[in-house]
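Raw contents of entry.txt, compact mmCIF, C-alpha atoms and all ligand atoms:
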```txt
# COMPACT_ATOMS: atom_id res chain seq x y z
CA MET A 1 9.25 15.91 44.28
CA ASN A 2 11.73 16.65 41.52
CA LYS A 3 10.42 19.74 39.70
CA GLU A 4 12.07 18.76 36.42
CA LYS A 5 9.96 15.60 36.29
CA ILE A 6 6.73 17.58 36.59
CA LYS A 7 7.44 20.59 34.40
CA ARG A 8 6.47 18.76 31.19
CA PHE A 9 2.83 18.63 32.40
CA GLU A 10 2.48 22.43 32.76
CA ASN A 11 0.56 22.78 29.49
CA SER A 12 -1.68 19.76 30.13
CA ALA A 13 -4.83 21.88 29.77
CA ASP A 14 -4.09 22.06 26.02
CA PHE A 15 -4.39 18.29 25.57
CA PHE A 16 -5.73 16.24 28.46
CA SER A 17 -9.35 15.66 29.40
CA CYS A 18 -10.69 13.97 32.50
CA PRO A 19 -11.52 10.30 31.85
CA ILE A 20 -14.48 10.58 34.25
CA CYS A 21 -16.24 13.82 33.20
CA LYS A 22 -14.35 14.91 30.01
CA GLU A 23 -13.52 18.39 31.38
CA LYS A 24 -10.08 19.83 30.77
CA LEU A 25 -7.32 18.80 33.16
CA SER A 26 -4.86 21.40 34.46
CA MET A 27 -1.75 20.99 36.55
CA GLN A 28 -2.18 21.94 40.20
CA GLY A 29 0.76 21.17 42.44
CA THR A 30 1.75 17.61 41.63
CA SER A 31 -1.59 16.56 40.12
CA LEU A 32 -3.77 17.04 37.07
CA VAL A 33 -7.19 18.25 38.20
CA CYS A 34 -10.48 18.98 36.39
CA THR A 35 -13.15 21.53 37.37
CA ASN A 36 -15.09 18.74 39.09
CA ASN A 37 -12.06 18.03 41.27
CA HIS A 38 -11.21 14.65 39.81
CA ASN A 39 -7.57 14.28 40.61
CA PHE A 40 -4.75 12.35 38.92
CA ASP A 41 -1.32 12.33 40.55
CA ILE A 42 1.85 12.83 38.55
CA SER A 43 4.09 9.99 39.65
CA LYS A 44 7.61 10.66 40.86
CA TYR A 45 8.89 9.00 37.68
CA GLY A 46 7.07 11.53 35.51
CA TYR A 47 3.89 9.93 34.21
CA VAL A 48 0.16 10.01 34.98
CA ASN A 49 -2.04 6.96 35.46
CA PHE A 50 -5.51 7.63 33.98
CA LEU A 51 -6.83 4.10 34.32
CA LEU A 52 -9.56 3.99 36.92
CA ASN A 53 -8.79 1.34 39.51
CA MET A 54 -11.25 -1.26 38.32
CA LYS A 55 -9.64 -1.19 34.90
CA GLN A 56 -6.09 -1.75 36.08
CA GLN A 57 -4.58 -4.51 34.02
CA LYS A 58 -1.67 -6.79 34.56
CA ASN A 59 -0.55 -7.56 31.06
CA TYR A 60 3.12 -6.88 31.38
CA ASP A 61 5.23 -9.72 30.06
CA LYS A 62 8.75 -9.37 31.41
CA GLU A 63 10.31 -11.82 28.95
CA ASN A 64 8.71 -10.18 25.93
CA PHE A 65 9.75 -6.80 27.26
CA GLU A 66 13.38 -7.88 27.60
CA ASN A 67 13.45 -9.47 24.15
CA ARG A 68 12.10 -6.29 22.62
CA GLY A 69 14.62 -4.22 24.56
CA LEU A 70 17.50 -6.34 23.25
CA ILE A 71 16.35 -5.98 19.64
CA LEU A 72 15.80 -2.21 19.89
CA LYS A 73 19.15 -1.71 21.61
CA ASP A 74 20.85 -3.58 18.80
CA GLY A 75 19.39 -1.03 16.39
CA LEU A 76 17.34 -3.47 14.31
CA TYR A 77 14.42 -1.04 14.08
CA ASP A 78 16.52 2.07 13.51
CA HIS A 79 15.72 2.18 9.79
CA ILE A 80 12.03 2.52 10.75
CA LEU A 81 12.77 5.16 13.41
CA ASN A 82 14.87 7.20 10.98
CA LYS A 83 12.21 7.06 8.28
CA LEU A 84 9.56 8.19 10.78
CA ILE A 85 11.73 11.14 11.80
CA GLU A 86 12.21 12.10 8.16
CA ILE A 87 8.45 11.90 7.49
CA ILE A 88 7.40 13.89 10.57
CA LYS A 89 10.03 16.55 9.94
CA ASN A 90 8.31 17.38 6.64
CA LEU A 91 4.75 17.51 7.99
CA PRO A 92 3.05 20.59 9.51
CA VAL A 93 2.87 18.94 12.92
CA ASP A 94 3.50 20.49 16.37
CA ASN A 95 2.27 17.75 18.66
CA ILE A 96 2.20 13.98 18.47
CA LEU A 97 0.45 11.18 20.35
CA ASP A 98 2.26 7.82 20.40
CA VAL A 99 -0.32 5.05 20.77
CA GLY A 100 0.63 1.83 22.62
CA CYS A 101 4.15 3.16 23.08
CA GLY A 102 5.45 0.23 25.17
CA GLU A 103 8.80 1.12 26.68
CA GLY A 104 8.78 4.40 24.78
CA TYR A 105 11.75 3.97 22.46
CA TYR A 106 10.26 5.80 19.46
CA SER A 107 8.86 8.72 21.44
CA ARG A 108 12.10 9.36 23.28
CA GLU A 109 14.17 9.23 20.10
CA ILE A 110 11.75 11.33 18.04
CA HIS A 111 11.68 13.98 20.74
CA LYS A 112 15.47 14.07 20.93
CA VAL A 113 15.77 14.86 17.22
CA LEU A 114 12.66 16.94 16.46
CA GLN A 115 11.86 18.60 19.83
CA LYS A 116 8.10 18.36 19.24
CA GLN A 117 5.42 18.05 21.93
CA LEU A 118 5.09 14.33 22.54
CA LEU A 119 2.42 12.50 24.46
CA ALA A 120 2.75 8.73 24.74
CA PHE A 121 0.70 6.05 26.45
CA ASP A 122 0.30 2.37 26.99
CA ILE A 123 -2.21 0.29 28.94
CA SER A 124 0.63 -1.36 30.86
CA LYS A 125 1.73 0.63 33.88
CA ASP A 126 5.02 -1.25 34.09
CA SER A 127 5.90 -0.31 30.52
CA ILE A 128 5.10 3.36 31.13
CA GLN A 129 7.13 3.36 34.32
CA GLN A 130 10.12 2.04 32.36
CA ALA A 131 9.50 4.54 29.56
CA ALA A 132 9.47 7.47 31.98
CA ARG A 133 12.55 6.28 33.87
CA HIS A 134 14.55 6.12 30.66
CA ASP A 135 13.41 9.58 29.55
CA LEU A 136 16.46 11.49 30.72
CA ASP A 137 15.26 14.69 29.03
CA ASN A 138 12.03 14.62 31.11
CA ALA A 139 10.33 15.60 27.89
CA VAL A 140 7.57 13.21 26.91
CA LYS A 141 4.16 13.34 28.62
CA TRP A 142 3.80 9.66 29.52
CA PHE A 143 0.51 8.23 30.70
CA VAL A 144 -1.24 4.96 31.38
CA GLY A 145 -4.47 4.98 29.44
CA ASP A 146 -7.15 3.09 27.56
CA LEU A 147 -7.17 3.14 23.75
CA ALA A 148 -10.97 2.90 23.74
CA GLN A 149 -11.34 6.01 25.92
CA LEU A 150 -8.43 8.32 25.50
CA PRO A 151 -8.05 11.10 28.10
CA ILE A 152 -7.37 13.52 25.26
CA GLN A 153 -9.43 16.52 24.15
CA ASP A 154 -11.34 16.58 20.87
CA ASN A 155 -9.41 18.00 17.89
CA SER A 156 -6.24 18.55 19.91
CA MET A 157 -3.57 16.35 18.27
CA ASP A 158 -1.83 17.12 14.96
CA CYS A 159 -0.43 13.62 14.55
CA ILE A 160 -1.00 10.12 15.86
CA LEU A 161 1.77 7.53 15.68
CA ASP A 162 0.60 3.93 15.81
CA ILE A 163 3.65 1.68 15.61
CA PHE A 164 2.88 -2.06 15.51
CA SER A 165 -0.01 -1.40 17.85
CA PRO A 166 -3.82 -1.76 17.70
CA ALA A 167 -5.89 1.16 16.38
CA ASN A 168 -9.16 2.73 17.46
CA TYR A 169 -10.20 4.76 14.44
CA SER A 170 -13.20 6.52 15.98
CA GLU A 171 -11.06 7.75 18.88
CA PHE A 172 -8.34 8.77 16.41
CA HIS A 173 -10.82 10.86 14.41
CA ARG A 174 -12.19 12.46 17.56
CA ILE A 175 -8.82 13.65 18.90
CA LEU A 176 -7.11 14.65 15.63
CA THR A 177 -7.18 18.25 14.46
CA LYS A 178 -8.72 19.03 11.08
CA ASN A 179 -6.16 17.83 8.51
CA GLY A 180 -4.31 15.88 11.22
CA TYR A 181 -2.17 12.90 10.30
CA LEU A 182 -2.26 9.27 11.30
CA ILE A 183 1.01 7.44 10.78
CA LYS A 184 0.59 3.70 11.16
CA VAL A 185 3.44 1.20 10.96
CA ILE A 186 2.56 -2.41 10.14
CA PRO A 187 4.69 -5.46 9.31
CA GLY A 188 5.59 -5.92 5.66
CA GLU A 189 5.17 -9.20 3.82
CA ASN A 190 8.88 -10.07 4.14
CA HIS A 191 9.06 -9.47 7.87
CA VAL A 192 11.32 -12.11 9.50
CA ILE A 193 11.08 -14.12 6.29
CA GLU A 194 14.25 -16.06 7.20
CA LEU A 195 12.51 -17.45 10.30
CA ARG A 196 9.27 -18.22 8.48
CA GLN A 197 11.08 -20.11 5.73
CA LYS A 198 12.94 -22.15 8.31
CA ALA A 199 9.68 -22.99 10.10
CA SER A 200 7.66 -23.49 6.92
CA GLN A 201 6.96 -27.20 7.42
CA PHE A 202 5.27 -26.36 10.76
CA LEU A 203 3.27 -23.38 9.50
CA ARG A 204 -0.12 -23.53 7.82
CA SER A 205 1.15 -20.84 5.51
CA ASP A 206 4.62 -19.37 5.44
CA SER A 207 3.47 -16.22 3.73
CA TYR A 208 2.08 -13.25 5.61
CA SER A 209 -0.38 -10.73 4.26
CA ASN A 210 -1.06 -7.29 5.72
CA LYS A 211 -3.96 -6.69 3.32
CA LYS A 212 -6.70 -6.86 5.98
CA VAL A 213 -5.00 -4.29 8.19
CA LYS A 214 -4.41 -2.03 5.19
CA ASP A 215 -8.01 -2.31 3.98
CA TYR A 216 -9.29 -1.47 7.44
CA PHE A 217 -7.02 1.58 7.58
CA GLU A 218 -8.26 2.76 4.18
CA GLU A 219 -11.89 2.41 5.26
CA HIS A 220 -11.25 5.02 7.95
CA PHE A 221 -8.56 7.34 6.63
CA GLU A 222 -7.65 8.83 3.29
CA THR A 223 -4.26 7.29 2.53
CA VAL A 224 -1.84 9.94 1.35
CA ASP A 225 1.22 7.71 1.20
CA GLU A 226 2.48 4.20 1.74
CA ILE A 227 6.20 3.70 2.23
CA ALA A 228 8.09 0.41 2.31
CA VAL A 229 10.86 0.39 4.89
CA THR A 230 12.93 -2.74 4.94
CA LYS A 231 16.40 -3.83 5.95
CA THR A 232 18.19 -7.13 6.47
CA TYR A 233 20.57 -7.34 9.43
CA PRO A 234 23.18 -9.90 10.45
CA VAL A 235 22.15 -11.17 13.91
CA SER A 236 23.81 -12.79 16.91
CA ALA A 237 22.31 -15.99 18.37
CA ASP A 238 20.82 -13.96 21.25
CA VAL A 239 19.06 -11.54 18.96
CA ARG A 240 17.86 -14.38 16.73
CA ASN A 241 16.37 -16.13 19.77
CA ALA A 242 14.68 -12.92 20.88
CA PHE A 243 12.99 -12.67 17.46
CA ILE A 244 11.96 -16.34 17.55
CA GLN A 245 10.25 -15.85 20.91
CA MET A 246 8.60 -12.56 19.96
CA THR A 247 7.21 -13.32 16.53
CA PRO A 248 3.45 -13.97 16.73
CA LEU A 249 3.59 -16.07 13.55
CA LEU A 250 5.68 -18.64 15.43
CA PHE A 251 3.51 -18.77 18.57
CA ASN A 252 1.98 -22.11 17.57
CA VAL A 253 5.24 -23.66 16.48
CA ASP A 254 7.36 -25.83 18.75
CA THR A 255 10.49 -23.79 18.10
CA GLU A 256 12.68 -26.28 19.99
CA ARG A 257 12.26 -28.78 17.16
CA ILE A 258 13.93 -26.50 14.63
CA ASP A 259 17.66 -26.04 14.20
CA TRP A 260 17.97 -22.28 13.75
CA SER A 261 21.76 -22.19 13.89
CA ASP A 262 22.31 -21.37 10.22
CA VAL A 263 19.95 -18.36 10.29
CA GLY A 264 22.46 -15.52 10.33
CA ASN A 265 20.32 -12.70 8.92
CA ILE A 266 16.91 -11.32 9.76
CA THR A 267 14.83 -8.97 7.64
CA VAL A 268 12.83 -6.28 9.45
CA ASP A 269 10.23 -5.27 6.87
CA SER A 270 7.48 -2.72 7.46
CA ARG A 271 5.02 -0.48 5.66
CA ILE A 272 4.38 3.03 6.89
CA LEU A 273 0.85 4.14 6.07
CA ILE A 274 0.15 7.86 6.19
CA GLY A 275 -3.47 8.91 6.48
CA LYS A 276 -5.20 12.26 6.73
CA SER A 277 -8.29 12.95 8.84
ZN ZN B 1 -13.46 15.17 35.93
```
Please re-express this file's structure in structure tokens.
Ligand SMILES: [Zn+2]
Amino acid sequence: MNKEKIKRFENSADFFSCPICKEKLSMQGTSLVCTNNHNFDISKYGYVNFLLNMKQQKNYDKENFENRGLILKDGLYDHILNKLIEIIKNLPVDNILDVGCGEGYYSREIHKVLQKQLLAFDISKDSIQQAARHDLDNAVKWFVGDLAQLPIQDNSMDCILDIFSPANYSEFHRILTKNGYLIKVIPGENHVIELRQKASQFLRSDSYSNKKVKDYFEEHFETVDEIAVTKTYPVSADVRNAFIQMTPLLFNVDTERIDWSDVGNITVDSRILIGKS
């Protein structure tokens, strides 16, 4: 196997714990192994699958994946990426866990600029395989894992990144170091407002509130900052269609009945919540 693909897992004993017995996992040959000899292979692409067989899930949606890829490639989330880099740069943080990382765009880009230790996981094996294949620096420790039972040691992570992804606050508290940071990105109230206005006659409400998500965050973490990050982009018809298909707020709308052709701009609005453990 390609040594360069494996090298990134050499310091695994600092972070990973066995999902079966919770002991530390160390790299031995091409596997991560605990003292009870539970063994997890490092795949040739450069990731580890920690999901036990019975838990293996097929929740990979190829169309959604491609739509998201198109939008990211077009740079429509770059203002969020750049703000995250700026925030992390100014925090006393050496290592980062990216939760529900999907195809790994943010982790790869953050590593390129900041050269921090990055661990990143998703429950979808197909997503992680893609993430690892696109990681030309062989830098990020990718793994397939379960948010409810992270294969991560107690008090081992300085920072958790949770970008448009579900949270598990008790797991987050368990794995964060004392004074560790949780950075959570959620949609802002003007997110894709151009599409919602266009669809308003088919929506129960064309406004969106992130209050519930914010309240839940504040119940679990001391909020040290909240930053609005928003930008309106001109979009091609392809990118507009990708947004229409991806936006959960439009899932119950028959989008074929709407003439979208005069929607030439889309606003990507988010809030970055920064919490301290
Ligand atoms: Zn074990």
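Separating atom CA of Asn138 of chain A from atom CA of Lys5 of chain A is a distance of 5.7 Å.
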Identify, on the basis of all atoms listed in the file, every residue whose closest approach to Gly102 of chain A does not exceed 8 Å; exclude the query and any residue fewer than 2 positions from it along the same chain; express the result as a compact mmCIF listing (two decimals) with C-alpha atoms, keeping the file's coordinate frame.
```
# COMPACT_ATOMS: atom_id res chain seq x y z
CA GLY A 100 0.63 1.83 22.62
CA GLY A 104 8.78 4.40 24.78
CA TYR A 105 11.75 3.97 22.46
CA PHE A 121 0.70 6.05 26.45
CA ASP A 122 0.30 2.37 26.99
CA SER A 124 0.63 -1.36 30.86
CA SER A 127 5.90 -0.31 30.52
CA ILE A 128 5.10 3.36 31.13
CA ALA A 131 9.50 4.54 29.56
```
Using all atoms listed in the file, which of A:Gly145, A:Gly69, A:Pro151, A:Gly46 sits nearest ligand ZN 1 (chain B)? A:Pro151
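Using all atoms listed in the file, we find that the residues with an atom at most 12 Å from any atom of ligand ZN 1 (chain B) are Phe16, Ser17, Cys18, Pro19, Ile20, Cys21, Lys22, Glu23, Lys24, Leu25, Ser26, Leu32, Val33, Cys34, Thr35, Asn36, Asn37, His38, Asn39, Phe40, Phe50, Leu52 and Pro151 of chain A.
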Taking all atoms listed in the file into account, which of A:Phe243, A:Trp260, A:Phe251, A:Tyr169 comes nearest Tyr216 of chain A? A:Tyr169
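Restricting the calculation to all atoms listed in the file, the smallest distance between Phe202 of chain A and any of A:Thr255, A:Asn82, A:Gln115, A:Asn190 is found for A:Thr255.
Of the listed residues (A:His79, A:Lys141, A:Arg204, A:Arg8), A:Lys141 comes nearest to Asp98 of chain A; the distances count only C-alpha atoms.
When all atoms listed in the file are used to compute distances to Phe217 of chain A, the closest of the residues A:Asp162, A:Asp254, A:Glu66, A:Asp94 turns out to be A:Asp162.
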Counting all atoms listed in the file, the residue among A:Gln130, A:Lys7, A:His191, A:Phe164 that lies closest to Phe143 of chain A is A:Gln130
In Å and to one decimal, atom CA of Gln201 of chain A is distant from atom CA of Val268 of chain A by 21.8 Å
Which residues of segment 150-199 of chain A have any atom within 10 Å of an atom in segment 245-250 of chain A when counting all atoms listed in the file, and what is the closest pair of atoms for each, with the distance in Å to one decimal? Order the rows by chain and rising number and write it as a Markdown table.
```
| residue | atom | partner | partner_atom | distance |
| --- | --- | --- | --- | --- |
| A:His191 | CA | A:Thr247 | CA | 9.7 |
| A:Val192 | CA | A:Thr247 | CA | 8.2 |
| A:Leu195 | CA | A:Leu250 | CA | 8.6 |
| A:Arg196 | CA | A:Leu250 | CA | 7.8 |
| A:Ala199 | CA | A:Leu250 | CA | 8.0 |
```
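Picture a line from atom CA of Phe65 of chain A to atom CA of Val229 of chain A; it runs 23.5 Å.
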Find the spatial neighbours of Asp158 of chain A, counting only C-alpha atoms, within a cut-off of 6 Å - ignore same-chain residues fewer than 3 positions away - and output them as a CSV table (one decimal) with C-alpha atoms, keeping the file's coordinate frame.
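The file below, part_5.csv, is the result:
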```csv
chain,number,residue,atom,x,y,z
A,93,VAL,CA,2.9,18.9,12.9
A,95,ASN,CA,2.3,17.8,18.7
A,176,LEU,CA,-7.1,14.6,15.6
A,177,THR,CA,-7.2,18.2,14.5
A,180,GLY,CA,-4.3,15.9,11.2
```
Step by step: start from the point (-9.8, 14.9, 14.1) in the file's coordinates, keep every protein, DNA or RNA residue that has an atom no farther than 8 Å from it, count all atoms listed in the file, and write the set as a PDB file with C-alpha atoms, in the coordinates of the input.
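As a result, part.pdb now contains:
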```
ATOM      1  CA  ASP A 154     -11.340  16.580  20.870  1.00  0.00           C
ATOM      2  CA  ASN A 155      -9.410  18.000  17.890  1.00  0.00           C
ATOM      3  CA  SER A 156      -6.240  18.550  19.910  1.00  0.00           C
ATOM      4  CA  MET A 157      -3.570  16.350  18.270  1.00  0.00           C
ATOM      5  CA  PHE A 172      -8.340   8.770  16.410  1.00  0.00           C
ATOM      6  CA  HIS A 173     -10.820  10.860  14.410  1.00  0.00           C
ATOM      7  CA  ARG A 174     -12.190  12.460  17.560  1.00  0.00           C
ATOM      8  CA  ILE A 175      -8.820  13.650  18.900  1.00  0.00           C
ATOM      9  CA  LEU A 176      -7.110  14.650  15.630  1.00  0.00           C
ATOM     10  CA  THR A 177      -7.180  18.250  14.460  1.00  0.00           C
ATOM     11  CA  LYS A 178      -8.720  19.030  11.080  1.00  0.00           C
ATOM     12  CA  ASN A 179      -6.160  17.830   8.510  1.00  0.00           C
ATOM     13  CA  GLY A 180      -4.310  15.880  11.220  1.00  0.00           C
ATOM     14  CA  SER A 277      -8.290  12.950   8.840  1.00  0.00           C
TER      15      SER A 277
END
```
Starting from the structure just given, write a file holding segment 75-190 of chain A with C-alpha atoms, as a PDB file, in the first residue's frame.
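And here is the file that came out, selection32.pdb:
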```
ATOM      1  CA  GLY A  75     -17.335  29.035  -4.892  1.00  0.00           C
ATOM      2  CA  LEU A  76     -20.757  29.932  -3.480  1.00  0.00           C
ATOM      3  CA  TYR A  77     -19.720  28.926   0.041  1.00  0.00           C
ATOM      4  CA  ASP A  78     -16.246  30.448  -0.101  1.00  0.00           C
ATOM      5  CA  HIS A  79     -17.242  33.439   2.032  1.00  0.00           C
ATOM      6  CA  ILE A  80     -18.123  30.969   4.810  1.00  0.00           C
ATOM      7  CA  LEU A  81     -14.902  28.975   4.336  1.00  0.00           C
ATOM      8  CA  ASN A  82     -12.791  32.139   4.436  1.00  0.00           C
ATOM      9  CA  LYS A  83     -14.500  33.392   7.583  1.00  0.00           C
ATOM     10  CA  LEU A  84     -13.951  30.018   9.271  1.00  0.00           C
ATOM     11  CA  ILE A  85     -10.253  30.128   8.395  1.00  0.00           C
ATOM     12  CA  GLU A  86      -9.985  33.636   9.821  1.00  0.00           C
ATOM     13  CA  ILE A  87     -11.731  32.582  13.052  1.00  0.00           C
ATOM     14  CA  ILE A  88      -9.688  29.413  13.590  1.00  0.00           C
ATOM     15  CA  LYS A  89      -6.428  31.202  12.842  1.00  0.00           C
ATOM     16  CA  ASN A  90      -7.027  33.437  15.872  1.00  0.00           C
ATOM     17  CA  LEU A  91      -7.978  30.668  18.305  1.00  0.00           C
ATOM     18  CA  PRO A  92      -5.524  28.644  20.443  1.00  0.00           C
ATOM     19  CA  VAL A  93      -6.353  25.452  18.564  1.00  0.00           C
ATOM     20  CA  ASP A  94      -3.988  22.676  17.400  1.00  0.00           C
ATOM     21  CA  ASN A  95      -6.429  20.002  16.335  1.00  0.00           C
ATOM     22  CA  ILE A  96      -9.899  20.044  14.824  1.00  0.00           C
ATOM     23  CA  LEU A  97     -12.679  17.510  14.314  1.00  0.00           C
ATOM     24  CA  ASP A  98     -15.005  18.164  11.363  1.00  0.00           C
ATOM     25  CA  VAL A  99     -18.401  16.621  12.119  1.00  0.00           C
ATOM     26  CA  GLY A 100     -20.548  15.289   9.242  1.00  0.00           C
ATOM     27  CA  CYS A 101     -17.922  16.458   6.769  1.00  0.00           C
ATOM     28  CA  GLY A 102     -19.619  15.070   3.638  1.00  0.00           C
ATOM     29  CA  GLU A 103     -17.230  15.205   0.710  1.00  0.00           C
ATOM     30  CA  GLY A 104     -14.686  16.996   2.881  1.00  0.00           C
ATOM     31  CA  TYR A 105     -14.447  20.366   1.168  1.00  0.00           C
ATOM     32  CA  TYR A 106     -13.997  22.463   4.332  1.00  0.00           C
ATOM     33  CA  SER A 107     -11.472  20.143   5.977  1.00  0.00           C
ATOM     34  CA  ARG A 108      -9.281  19.932   2.903  1.00  0.00           C
ATOM     35  CA  GLU A 109      -9.292  23.693   2.387  1.00  0.00           C
ATOM     36  CA  ILE A 110      -8.753  24.542   6.061  1.00  0.00           C
ATOM     37  CA  HIS A 111      -5.816  22.160   6.232  1.00  0.00           C
ATOM     38  CA  LYS A 112      -4.262  23.650   3.109  1.00  0.00           C
ATOM     39  CA  VAL A 113      -4.229  27.138   4.631  1.00  0.00           C
ATOM     40  CA  LEU A 114      -3.694  26.511   8.362  1.00  0.00           C
ATOM     41  CA  GLN A 115      -1.782  23.179   8.436  1.00  0.00           C
ATOM     42  CA  LYS A 116      -3.551  22.052  11.625  1.00  0.00           C
ATOM     43  CA  GLN A 117      -4.269  18.461  12.639  1.00  0.00           C
ATOM     44  CA  LEU A 118      -7.623  17.663  11.061  1.00  0.00           C
ATOM     45  CA  LEU A 119      -9.877  14.715  11.707  1.00  0.00           C
ATOM     46  CA  ALA A 120     -13.080  14.501   9.693  1.00  0.00           C
ATOM     47  CA  PHE A 121     -15.915  11.998   9.545  1.00  0.00           C
ATOM     48  CA  ASP A 122     -19.264  11.228   8.065  1.00  0.00           C
ATOM     49  CA  ILE A 123     -21.671   8.320   8.458  1.00  0.00           C
ATOM     50  CA  SER A 124     -21.674   7.800   4.692  1.00  0.00           C
ATOM     51  CA  LYS A 125     -18.817   5.623   3.495  1.00  0.00           C
ATOM     52  CA  ASP A 126     -19.222   6.827  -0.080  1.00  0.00           C
ATOM     53  CA  SER A 127     -18.802  10.446   0.981  1.00  0.00           C
ATOM     54  CA  ILE A 128     -15.668   9.648   2.987  1.00  0.00           C
ATOM     55  CA  GLN A 129     -14.219   7.675   0.110  1.00  0.00           C
ATOM     56  CA  GLN A 130     -14.698  10.710  -2.148  1.00  0.00           C
ATOM     57  CA  ALA A 131     -13.269  13.021   0.519  1.00  0.00           C
ATOM     58  CA  ALA A 132     -10.132  10.906   0.886  1.00  0.00           C
ATOM     59  CA  ARG A 133      -9.630  10.531  -2.866  1.00  0.00           C
ATOM     60  CA  HIS A 134      -9.696  14.285  -3.333  1.00  0.00           C
ATOM     61  CA  ASP A 135      -7.255  14.878  -0.474  1.00  0.00           C
ATOM     62  CA  LEU A 136      -4.128  15.215  -2.584  1.00  0.00           C
ATOM     63  CA  ASP A 137      -2.060  16.296   0.436  1.00  0.00           C
ATOM     64  CA  ASN A 138      -2.905  13.010   2.240  1.00  0.00           C
ATOM     65  CA  ALA A 139      -3.349  15.187   5.285  1.00  0.00           C
ATOM     66  CA  VAL A 140      -6.764  14.787   6.873  1.00  0.00           C
ATOM     67  CA  LYS A 141      -7.568  11.759   9.050  1.00  0.00           C
ATOM     68  CA  TRP A 142     -10.828  10.693   7.403  1.00  0.00           C
ATOM     69  CA  PHE A 143     -13.120   8.150   9.008  1.00  0.00           C
ATOM     70  CA  VAL A 144     -16.574   6.683   8.754  1.00  0.00           C
ATOM     71  CA  GLY A 145     -18.204   7.016  12.141  1.00  0.00           C
ATOM     72  CA  ASP A 146     -21.313   7.474  14.223  1.00  0.00           C
ATOM     73  CA  LEU A 147     -22.083  10.890  15.730  1.00  0.00           C
ATOM     74  CA  ALA A 148     -23.749   9.223  18.729  1.00  0.00           C
ATOM     75  CA  GLN A 149     -20.624   7.189  19.543  1.00  0.00           C
ATOM     76  CA  LEU A 150     -17.529   8.914  18.329  1.00  0.00           C
ATOM     77  CA  PRO A 151     -14.331   6.813  18.225  1.00  0.00           C
ATOM     78  CA  ILE A 152     -12.499   9.732  19.816  1.00  0.00           C
ATOM     79  CA  GLN A 153     -10.808   9.910  23.220  1.00  0.00           C
ATOM     80  CA  ASP A 154     -12.179  12.021  26.068  1.00  0.00           C
ATOM     81  CA  ASN A 155     -10.802  15.586  26.253  1.00  0.00           C
ATOM     82  CA  SER A 156      -8.672  15.172  23.136  1.00  0.00           C
ATOM     83  CA  MET A 157      -9.991  17.754  20.639  1.00  0.00           C
ATOM     84  CA  ASP A 158      -9.340  21.511  20.818  1.00  0.00           C
ATOM     85  CA  CYS A 159     -12.049  22.397  18.322  1.00  0.00           C
ATOM     86  CA  ILE A 160     -15.143  20.878  16.762  1.00  0.00           C
ATOM     87  CA  LEU A 161     -16.460  22.177  13.453  1.00  0.00           C
ATOM     88  CA  ASP A 162     -20.113  21.450  12.792  1.00  0.00           C
ATOM     89  CA  ILE A 163     -21.034  22.909   9.411  1.00  0.00           C
ATOM     90  CA  PHE A 164     -24.714  22.557   8.453  1.00  0.00           C
ATOM     91  CA  SER A 165     -24.718  19.206  10.198  1.00  0.00           C
ATOM     92  CA  PRO A 166     -26.515  17.663  13.204  1.00  0.00           C
ATOM     93  CA  ALA A 167     -24.948  18.024  16.662  1.00  0.00           C
ATOM     94  CA  ASN A 168     -24.547  15.657  19.598  1.00  0.00           C
ATOM     95  CA  TYR A 169     -23.758  17.973  22.481  1.00  0.00           C
ATOM     96  CA  SER A 170     -22.985  15.317  25.100  1.00  0.00           C
ATOM     97  CA  GLU A 171     -20.450  13.683  22.772  1.00  0.00           C
ATOM     98  CA  PHE A 172     -19.024  17.127  21.949  1.00  0.00           C
ATOM     99  CA  HIS A 173     -18.503  17.894  25.642  1.00  0.00           C
ATOM    100  CA  ARG A 174     -16.910  14.508  26.242  1.00  0.00           C
ATOM    101  CA  ILE A 175     -14.274  14.810  23.500  1.00  0.00           C
ATOM    102  CA  LEU A 176     -13.424  18.523  23.799  1.00  0.00           C
ATOM    103  CA  THR A 177     -10.454  19.646  25.866  1.00  0.00           C
ATOM    104  CA  LYS A 178     -11.058  22.030  28.754  1.00  0.00           C
ATOM    105  CA  ASN A 179     -11.707  25.428  27.136  1.00  0.00           C
ATOM    106  CA  GLY A 180     -12.189  23.751  23.747  1.00  0.00           C
ATOM    107  CA  TYR A 181     -14.257  25.429  21.065  1.00  0.00           C
ATOM    108  CA  LEU A 182     -17.348  24.393  19.173  1.00  0.00           C
ATOM    109  CA  ILE A 183     -17.868  26.247  15.914  1.00  0.00           C
ATOM    110  CA  LYS A 184     -21.317  25.621  14.488  1.00  0.00           C
ATOM    111  CA  VAL A 185     -22.534  26.975  11.158  1.00  0.00           C
ATOM    112  CA  ILE A 186     -26.287  27.228  10.626  1.00  0.00           C
ATOM    113  CA  PRO A 187     -28.407  28.824   7.891  1.00  0.00           C
ATOM    114  CA  GLY A 188     -29.256  32.487   8.350  1.00  0.00           C
ATOM    115  CA  GLU A 189     -32.760  33.870   7.986  1.00  0.00           C
ATOM    116  CA  ASN A 190     -32.071  35.181   4.459  1.00  0.00           C
TER     117      ASN A 190
END
```
